[in-house]
Amino acid sequence: MQRIVRILRNFGKKGDLLLLFLCLLATGFGCVVISSATRYLGSNRFLIVQLAATALGVLFYILLTSVDLEGLAEHRELLFLFNALLLLLLIPFGTDGGTGNRSWLDIPGFPVNIQPAEICKITFTILLAKVMQVHQAKISSFRSVLAMAFQLIFVVGLNMVLSRDAGVSLIFVFIFLVMAFVGGVKLWWFLGGLGALCVAAPYAWTHLLQDYQKNRILVIFDPSIDPQGLDERWHFAQSLRSLTGGGLSGQGLFQGSRTQVGALNAQHTDFVFSSIGEELGLLGCAFTLLLLGAVVCRVIYVGIKTPDYLSRLVCLGTGAALIFQICVNVGMCLGVVPVIGLTLPFISYGGSSIVSLYLAMGVVSSVHAHPRPEARSRYVQPPSQAGY
């Protein structure tokens, strides 16, 4: 009991209370939206699960604040093994959860399904930051970039083979690119990667993508594909119909003509932003983006403020994941990004998503609670003085 009191007292003094407040504000708003979007089902199950996941997430946030990130990152072999074992659980317990991707763990006796890739995003960010810290002296060398790329290829490759969830896999790629850029990797590596992507793209388009996946991309640019909005364009058409139906101020919570009859597919998860647009209008959408923008800005601020290389990379990688997911989700609802099944952070329904978000924010709070000087001297030999 004394230890719990000590952790809470330490959290009150050193934890990032502003970040927690912003996260709770966003989650609270999301719970109101979820309650409205699922009212037509006549059940409060979704709201109860979301609230329970939030409570569990806050607990993890507090506990992680007391953990020193540097000490956690030192066990990079265990972090790597954790990622591998968690994703491998998809073999015996994997289920598609109605999404088409076998990316959820349905463990017997466990009350909710778990998406392991959501948790792996956190450990992957810490692991990649540690690898970059170890190689910081020669971050752009072939050996350093190879060590970094191995972490990405392993987790993305394993996730794609076991779950076929391209949406989450793209988040890992974006985290990697942002962390590599801010970590000091030379620009010519990015240009080389872009060139390799251009060379491999025709093969991937021809041999790896199925026709429905190609059409999901082409439908954004080619109006002749599904002009009636009955197939590939169906999600876009329904989403835009809800968004434009709200006008400036919306039709009112629990009063959306389409939301209240469940006319919009996944209106409490992937397309919750469209539900917000119908019931709260353009003002509600703007408030949502401002709220999420405040969370992202706080995460980036904590990262920029710390002089420690590893801590800065972890915070900026976490911020990158949030930015990517927000942009893709909103882009899906607006019909300018292919539908790849990414939820809106803190707003969309999802127990494992909420818990993993608070876990990630807890890591950022840990950085805030444990300020440290630049750790580069631990890995880089100081230059010799003249005359020695």
# chains A, B, ... in the order shown; residues from 1 in each chain; ligands from 1
>>> residues_around(residues="Ala147 (chain A)", least_positions_apart="3", cutoff="12 Å", atoms="only C-alpha atoms", output="PyMOL selection string")
chain A and resi 127-136+138-144+150-154+180
>>> residues_around(residues="Gly281 (chain A)", least_positions_apart="6", cutoff="6 Å", atoms="only C-alpha atoms", output="list of chain:residue names")
A:Gly246, A:Gly247, A:Leu248, A:Ser249, A:Gly250
>>> write_last_selection(atoms="N, CA and C atoms", output="PDB file, in the first residue's frame")
ATOM      1  N   GLY A 246     -24.368  17.561 -42.111  1.00  0.00           N
ATOM      2  CA  GLY A 246     -24.364  18.279 -40.849  1.00  0.00           C
ATOM      3  C   GLY A 246     -24.256  19.775 -40.967  1.00  0.00           C
ATOM      4  N   GLY A 247     -23.789  20.255 -42.118  1.00  0.00           N
ATOM      5  CA  GLY A 247     -23.646  21.702 -42.289  1.00  0.00           C
ATOM      6  C   GLY A 247     -22.637  22.293 -41.327  1.00  0.00           C
ATOM      7  N   LEU A 248     -22.900  23.500 -40.868  1.00  0.00           N
ATOM      8  CA  LEU A 248     -21.970  24.211 -39.989  1.00  0.00           C
ATOM      9  C   LEU A 248     -22.037  23.715 -38.551  1.00  0.00           C
ATOM     10  N   SER A 249     -23.225  23.589 -38.007  1.00  0.00           N
ATOM     11  CA  SER A 249     -23.366  23.244 -36.596  1.00  0.00           C
ATOM     12  C   SER A 249     -23.945  21.864 -36.354  1.00  0.00           C
ATOM     13  N   GLY A 250     -24.320  21.148 -37.409  1.00  0.00           N
ATOM     14  CA  GLY A 250     -24.793  19.783 -37.268  1.00  0.00           C
ATOM     15  C   GLY A 250     -26.271  19.662 -36.944  1.00  0.00           C
TER      16      GLY A 250
END
>>> atom_distance(atom1="CA of Met160 (chain A)", atom2="CA of Gly350 (chain A)")
21.0 Å
>>> closest_residue(among="A:Ile119, A:Cys315, A:Ala149, A:Ile107", to="Gly303 (chain A)", atoms="only C-alpha atoms")
A:Cys315
>>> residues_around(residues="region 38-41 of chain A", least_positions_apart="3", cutoff="7 Å", atoms="only C-alpha atoms", output="number ranges by chain")
A: 34-35, 260-262, 268
>>> atom_distance(atom1="CA of Ser353 (chain A)", atom2="CA of Lys121 (chain A)")
11.0 Å
>>> atom_distance(atom1="CA of Ile91 (chain A)", atom2="CA of Leu162 (chain A)")
6.9 Å
>>> residues_around(residues="Met332 (chain A)", least_positions_apart="6", cutoff="10 Å", atoms="only C-alpha atoms", output="ChimeraX atom specification")
/A:235-236,239-240,270-271,273-274,326,338-342
>>> write_last_selection(atoms="C-alpha atoms", output="short mmCIF file (atom, residue, chain, number, x, y, z; two decimals), in the first residue's frame")
data_model
loop_
_atom_site.label_atom_id
_atom_site.label_comp_id
_atom_site.auth_asym_id
_atom_site.auth_seq_id
_atom_site.Cartn_x
_atom_site.Cartn_y
_atom_site.Cartn_z
CA HIS A 235 -17.66 3.82 -48.02
CA PHE A 236 -16.65 7.20 -49.48
CA SER A 239 -19.17 8.99 -45.36
CA LEU A 240 -19.43 12.16 -47.42
CA ASP A 270 -13.33 3.90 -38.57
CA PHE A 271 -15.89 6.51 -39.67
CA PHE A 273 -15.40 11.47 -37.80
CA SER A 274 -18.25 11.38 -40.34
CA ILE A 326 -5.34 11.12 -37.53
CA PRO A 338 -7.93 4.64 -49.42
CA VAL A 339 -9.96 2.84 -46.76
CA ILE A 340 -7.37 0.92 -44.73
CA GLY A 341 -9.15 0.58 -41.41
CA LEU A 342 -7.43 2.98 -39.03
#
>>> residues_around(residues="Leu63 (chain A)", least_positions_apart="3", cutoff="10 Å", atoms="only C-alpha atoms", output="PyMOL selection string")
chain A and resi 4+7-8+11+57-60+66-67+359+362-363+366
>>> write_last_selection(atoms="N, CA, C and O atoms", output="PDB file, in the first residue's frame")
ATOM      1  N   ILE A   4       2.111   1.999  -3.425  1.00  0.00           N
ATOM      2  CA  ILE A   4       1.088   2.604  -4.281  1.00  0.00           C
ATOM      3  C   ILE A   4       0.954   4.096  -3.974  1.00  0.00           C
ATOM      4  O   ILE A   4       0.869   4.936  -4.880  1.00  0.00           O
ATOM      5  N   ILE A   7       3.873   5.909  -5.436  1.00  0.00           N
ATOM      6  CA  ILE A   7       3.756   6.075  -6.891  1.00  0.00           C
ATOM      7  C   ILE A   7       2.784   7.205  -7.225  1.00  0.00           C
ATOM      8  O   ILE A   7       3.057   8.048  -8.095  1.00  0.00           O
ATOM      9  N   LEU A   8       1.652   7.228  -6.536  1.00  0.00           N
ATOM     10  CA  LEU A   8       0.663   8.285  -6.786  1.00  0.00           C
ATOM     11  C   LEU A   8       1.207   9.655  -6.413  1.00  0.00           C
ATOM     12  O   LEU A   8       0.976  10.639  -7.123  1.00  0.00           O
ATOM     13  N   PHE A  11       3.659  10.659  -9.006  1.00  0.00           N
ATOM     14  CA  PHE A  11       2.961  11.039 -10.239  1.00  0.00           C
ATOM     15  C   PHE A  11       2.396  12.453 -10.128  1.00  0.00           C
ATOM     16  O   PHE A  11       2.460  13.239 -11.073  1.00  0.00           O
ATOM     17  N   GLY A  57      -6.401   2.279 -18.883  1.00  0.00           N
ATOM     18  CA  GLY A  57      -5.353   3.052 -19.540  1.00  0.00           C
ATOM     19  C   GLY A  57      -4.750   4.103 -18.625  1.00  0.00           C
ATOM     20  O   GLY A  57      -3.529   4.305 -18.605  1.00  0.00           O
ATOM     21  N   VAL A  58      -5.583   4.784 -17.853  1.00  0.00           N
ATOM     22  CA  VAL A  58      -5.089   5.792 -16.908  1.00  0.00           C
ATOM     23  C   VAL A  58      -4.197   5.144 -15.860  1.00  0.00           C
ATOM     24  O   VAL A  58      -3.163   5.703 -15.462  1.00  0.00           O
ATOM     25  N   LEU A  59      -4.583   3.949 -15.416  1.00  0.00           N
ATOM     26  CA  LEU A  59      -3.751   3.212 -14.455  1.00  0.00           C
ATOM     27  C   LEU A  59      -2.371   2.925 -15.041  1.00  0.00           C
ATOM     28  O   LEU A  59      -1.344   3.137 -14.378  1.00  0.00           O
ATOM     29  N   PHE A  60      -2.338   2.455 -16.275  1.00  0.00           N
ATOM     30  CA  PHE A  60      -1.058   2.196 -16.937  1.00  0.00           C
ATOM     31  C   PHE A  60      -0.270   3.491 -17.141  1.00  0.00           C
ATOM     32  O   PHE A  60       0.963   3.501 -17.064  1.00  0.00           O
ATOM     33  N   SER A  66       6.171   6.302 -13.585  1.00  0.00           N
ATOM     34  CA  SER A  66       7.174   6.006 -12.556  1.00  0.00           C
ATOM     35  C   SER A  66       8.330   5.171 -13.079  1.00  0.00           C
ATOM     36  O   SER A  66       9.306   4.938 -12.361  1.00  0.00           O
ATOM     37  N   VAL A  67       8.231   4.678 -14.314  1.00  0.00           N
ATOM     38  CA  VAL A  67       9.281   3.836 -14.900  1.00  0.00           C
ATOM     39  C   VAL A  67      10.275   4.707 -15.661  1.00  0.00           C
ATOM     40  O   VAL A  67       9.872   5.575 -16.445  1.00  0.00           O
ATOM     41  N   LEU A 359      -0.949   3.844 -22.795  1.00  0.00           N
ATOM     42  CA  LEU A 359       0.382   3.292 -22.573  1.00  0.00           C
ATOM     43  C   LEU A 359       1.438   4.165 -23.245  1.00  0.00           C
ATOM     44  O   LEU A 359       2.467   4.497 -22.645  1.00  0.00           O
ATOM     45  N   GLY A 362       1.772   7.321 -21.475  1.00  0.00           N
ATOM     46  CA  GLY A 362       2.489   7.104 -20.231  1.00  0.00           C
ATOM     47  C   GLY A 362       3.995   7.109 -20.421  1.00  0.00           C
ATOM     48  O   GLY A 362       4.741   7.583 -19.556  1.00  0.00           O
ATOM     49  N   VAL A 363       4.447   6.602 -21.562  1.00  0.00           N
ATOM     50  CA  VAL A 363       5.871   6.653 -21.884  1.00  0.00           C
ATOM     51  C   VAL A 363       6.328   8.099 -22.040  1.00  0.00           C
ATOM     52  O   VAL A 363       7.407   8.490 -21.562  1.00  0.00           O
ATOM     53  N   SER A 366       6.616   9.600 -18.749  1.00  0.00           N
ATOM     54  CA  SER A 366       7.848   9.146 -18.105  1.00  0.00           C
ATOM     55  C   SER A 366       9.027  10.018 -18.512  1.00  0.00           C
ATOM     56  O   SER A 366       9.887  10.344 -17.684  1.00  0.00           O
TER      57      SER A 366
END
>>> residues_around(residues="Thr306 (chain A)", least_positions_apart="6", cutoff="12 Å", atoms="only C-alpha atoms", output="ChimeraX atom specification")
/A:299-300,312-316,364-375
>>> write_last_selection(atoms="C-alpha atoms", output="short mmCIF file (atom, residue, chain, number, x, y, z; two decimals), in the first residue's frame")
data_model
loop_
_atom_site.label_atom_id
_atom_site.label_comp_id
_atom_site.auth_asym_id
_atom_site.auth_seq_id
_atom_site.Cartn_x
_atom_site.Cartn_y
_atom_site.Cartn_z
CA VAL A 299 3.75 15.03 -27.05
CA ILE A 300 6.06 16.80 -29.51
CA ARG A 312 13.43 12.73 -27.85
CA LEU A 313 13.18 9.99 -30.47
CA VAL A 314 10.55 8.08 -28.49
CA CYS A 315 8.36 11.16 -28.05
CA LEU A 316 8.64 12.24 -31.67
CA VAL A 364 5.83 10.33 -22.85
CA SER A 365 4.88 11.21 -19.27
CA SER A 366 7.85 9.15 -18.11
CA VAL A 367 10.13 11.29 -20.25
CA HIS A 368 8.58 14.38 -18.64
CA ALA A 369 8.98 12.93 -15.14
CA HIS A 370 12.61 11.81 -15.57
CA PRO A 371 14.55 14.68 -17.15
CA ARG A 372 18.12 13.76 -17.94
CA PRO A 373 21.08 15.37 -19.73
CA GLU A 374 22.21 14.33 -23.17
CA ALA A 375 23.16 10.64 -22.96
#
>>> closest_residue(among="A:Val182, A:Ile323, A:Leu17, A:Cys31", to="Tyr309 (chain A)", atoms="only C-alpha atoms")
A:Val182
>>> residues_around(residues="Phe172 (chain A)", least_positions_apart="3", cutoff="8 Å", atoms="only C-alpha atoms", output="count of residues only")
8
>>> closest_residue(among="A:Ile354, A:Val330, A:Met361, A:Ile122", to="Ala73 (chain A)", atoms="only C-alpha atoms")
A:Ile122
>>> select_by_dssp(residues="region 56-287 of chain A", states="alpha helix (DSSP H)", output="JSON, numbers by chain")
{"A": [56, 57, 58, 59, 60, 61, 62, 63, 64, 65, 69, 70, 71, 72, 73, 76, 77, 78, 79, 80, 81, 82, 83, 84, 85, 86, 87, 88, 90, 91, 92, 93, 116, 117, 118, 119, 120, 121, 122, 123, 124, 125, 126, 127, 128, 129, 130, 131, 132, 133, 134, 142, 143, 144, 145, 146, 147, 148, 149, 150, 151, 152, 153, 154, 155, 156, 157, 158, 159, 160, 161, 162, 163, 166, 167, 168, 169, 170, 171, 172, 173, 174, 175, 176, 177, 178, 179, 180, 181, 182, 187, 188, 189, 190, 191, 192, 193, 194, 195, 196, 197, 198, 199, 200, 201, 202, 203, 211, 212, 213, 214, 215, 216, 217, 218, 234, 235, 236, 237, 238, 239, 240, 241, 242, 243, 244, 272, 273, 274, 275, 276, 277, 278, 279, 280, 281, 282, 283, 284, 285, 286, 287]}
>>> closest_atom_pairs(of="region 271-313 of chain A", to="region 253-258 of chain A", cutoff="9 Å", atoms="only C-alpha atoms", output="Markdown table")
| residue | atom | partner | partner_atom | distance |
| --- | --- | --- | --- | --- |
| A:Ser275 | CA | A:Gly256 | CA | 7.9 |
| A:Ile276 | CA | A:Leu253 | CA | 8.6 |
| A:Glu278 | CA | A:Gly256 | CA | 6.0 |
| A:Glu279 | CA | A:Gly256 | CA | 5.1 |
| A:Leu280 | CA | A:Leu253 | CA | 6.7 |
>>> write_last_selection(atoms="N, CA, C and O atoms", output="PDB file, in the first residue's frame")
ATOM      1  N   SER A 275     -19.602  10.658 -38.470  1.00  0.00           N
ATOM      2  CA  SER A 275     -20.720  10.762 -37.549  1.00  0.00           C
ATOM      3  C   SER A 275     -20.687  12.089 -36.792  1.00  0.00           C
ATOM      4  O   SER A 275     -21.721  12.725 -36.588  1.00  0.00           O
ATOM      5  N   ILE A 276     -19.482  12.517 -36.427  1.00  0.00           N
ATOM      6  CA  ILE A 276     -19.324  13.819 -35.774  1.00  0.00           C
ATOM      7  C   ILE A 276     -19.754  14.935 -36.713  1.00  0.00           C
ATOM      8  O   ILE A 276     -20.434  15.887 -36.316  1.00  0.00           O
ATOM      9  N   GLU A 278     -21.945  14.856 -39.099  1.00  0.00           N
ATOM     10  CA  GLU A 278     -23.395  14.927 -39.273  1.00  0.00           C
ATOM     11  C   GLU A 278     -24.079  15.534 -38.052  1.00  0.00           C
ATOM     12  O   GLU A 278     -24.959  16.387 -38.177  1.00  0.00           O
ATOM     13  N   GLU A 279     -23.672  15.130 -36.867  1.00  0.00           N
ATOM     14  CA  GLU A 279     -24.393  15.561 -35.671  1.00  0.00           C
ATOM     15  C   GLU A 279     -23.867  16.860 -35.073  1.00  0.00           C
ATOM     16  O   GLU A 279     -24.619  17.597 -34.432  1.00  0.00           O
ATOM     17  N   LEU A 280     -22.595  17.148 -35.269  1.00  0.00           N
ATOM     18  CA  LEU A 280     -22.017  18.374 -34.701  1.00  0.00           C
ATOM     19  C   LEU A 280     -21.502  19.337 -35.764  1.00  0.00           C
ATOM     20  O   LEU A 280     -21.028  20.416 -35.435  1.00  0.00           O
TER      21      LEU A 280
END
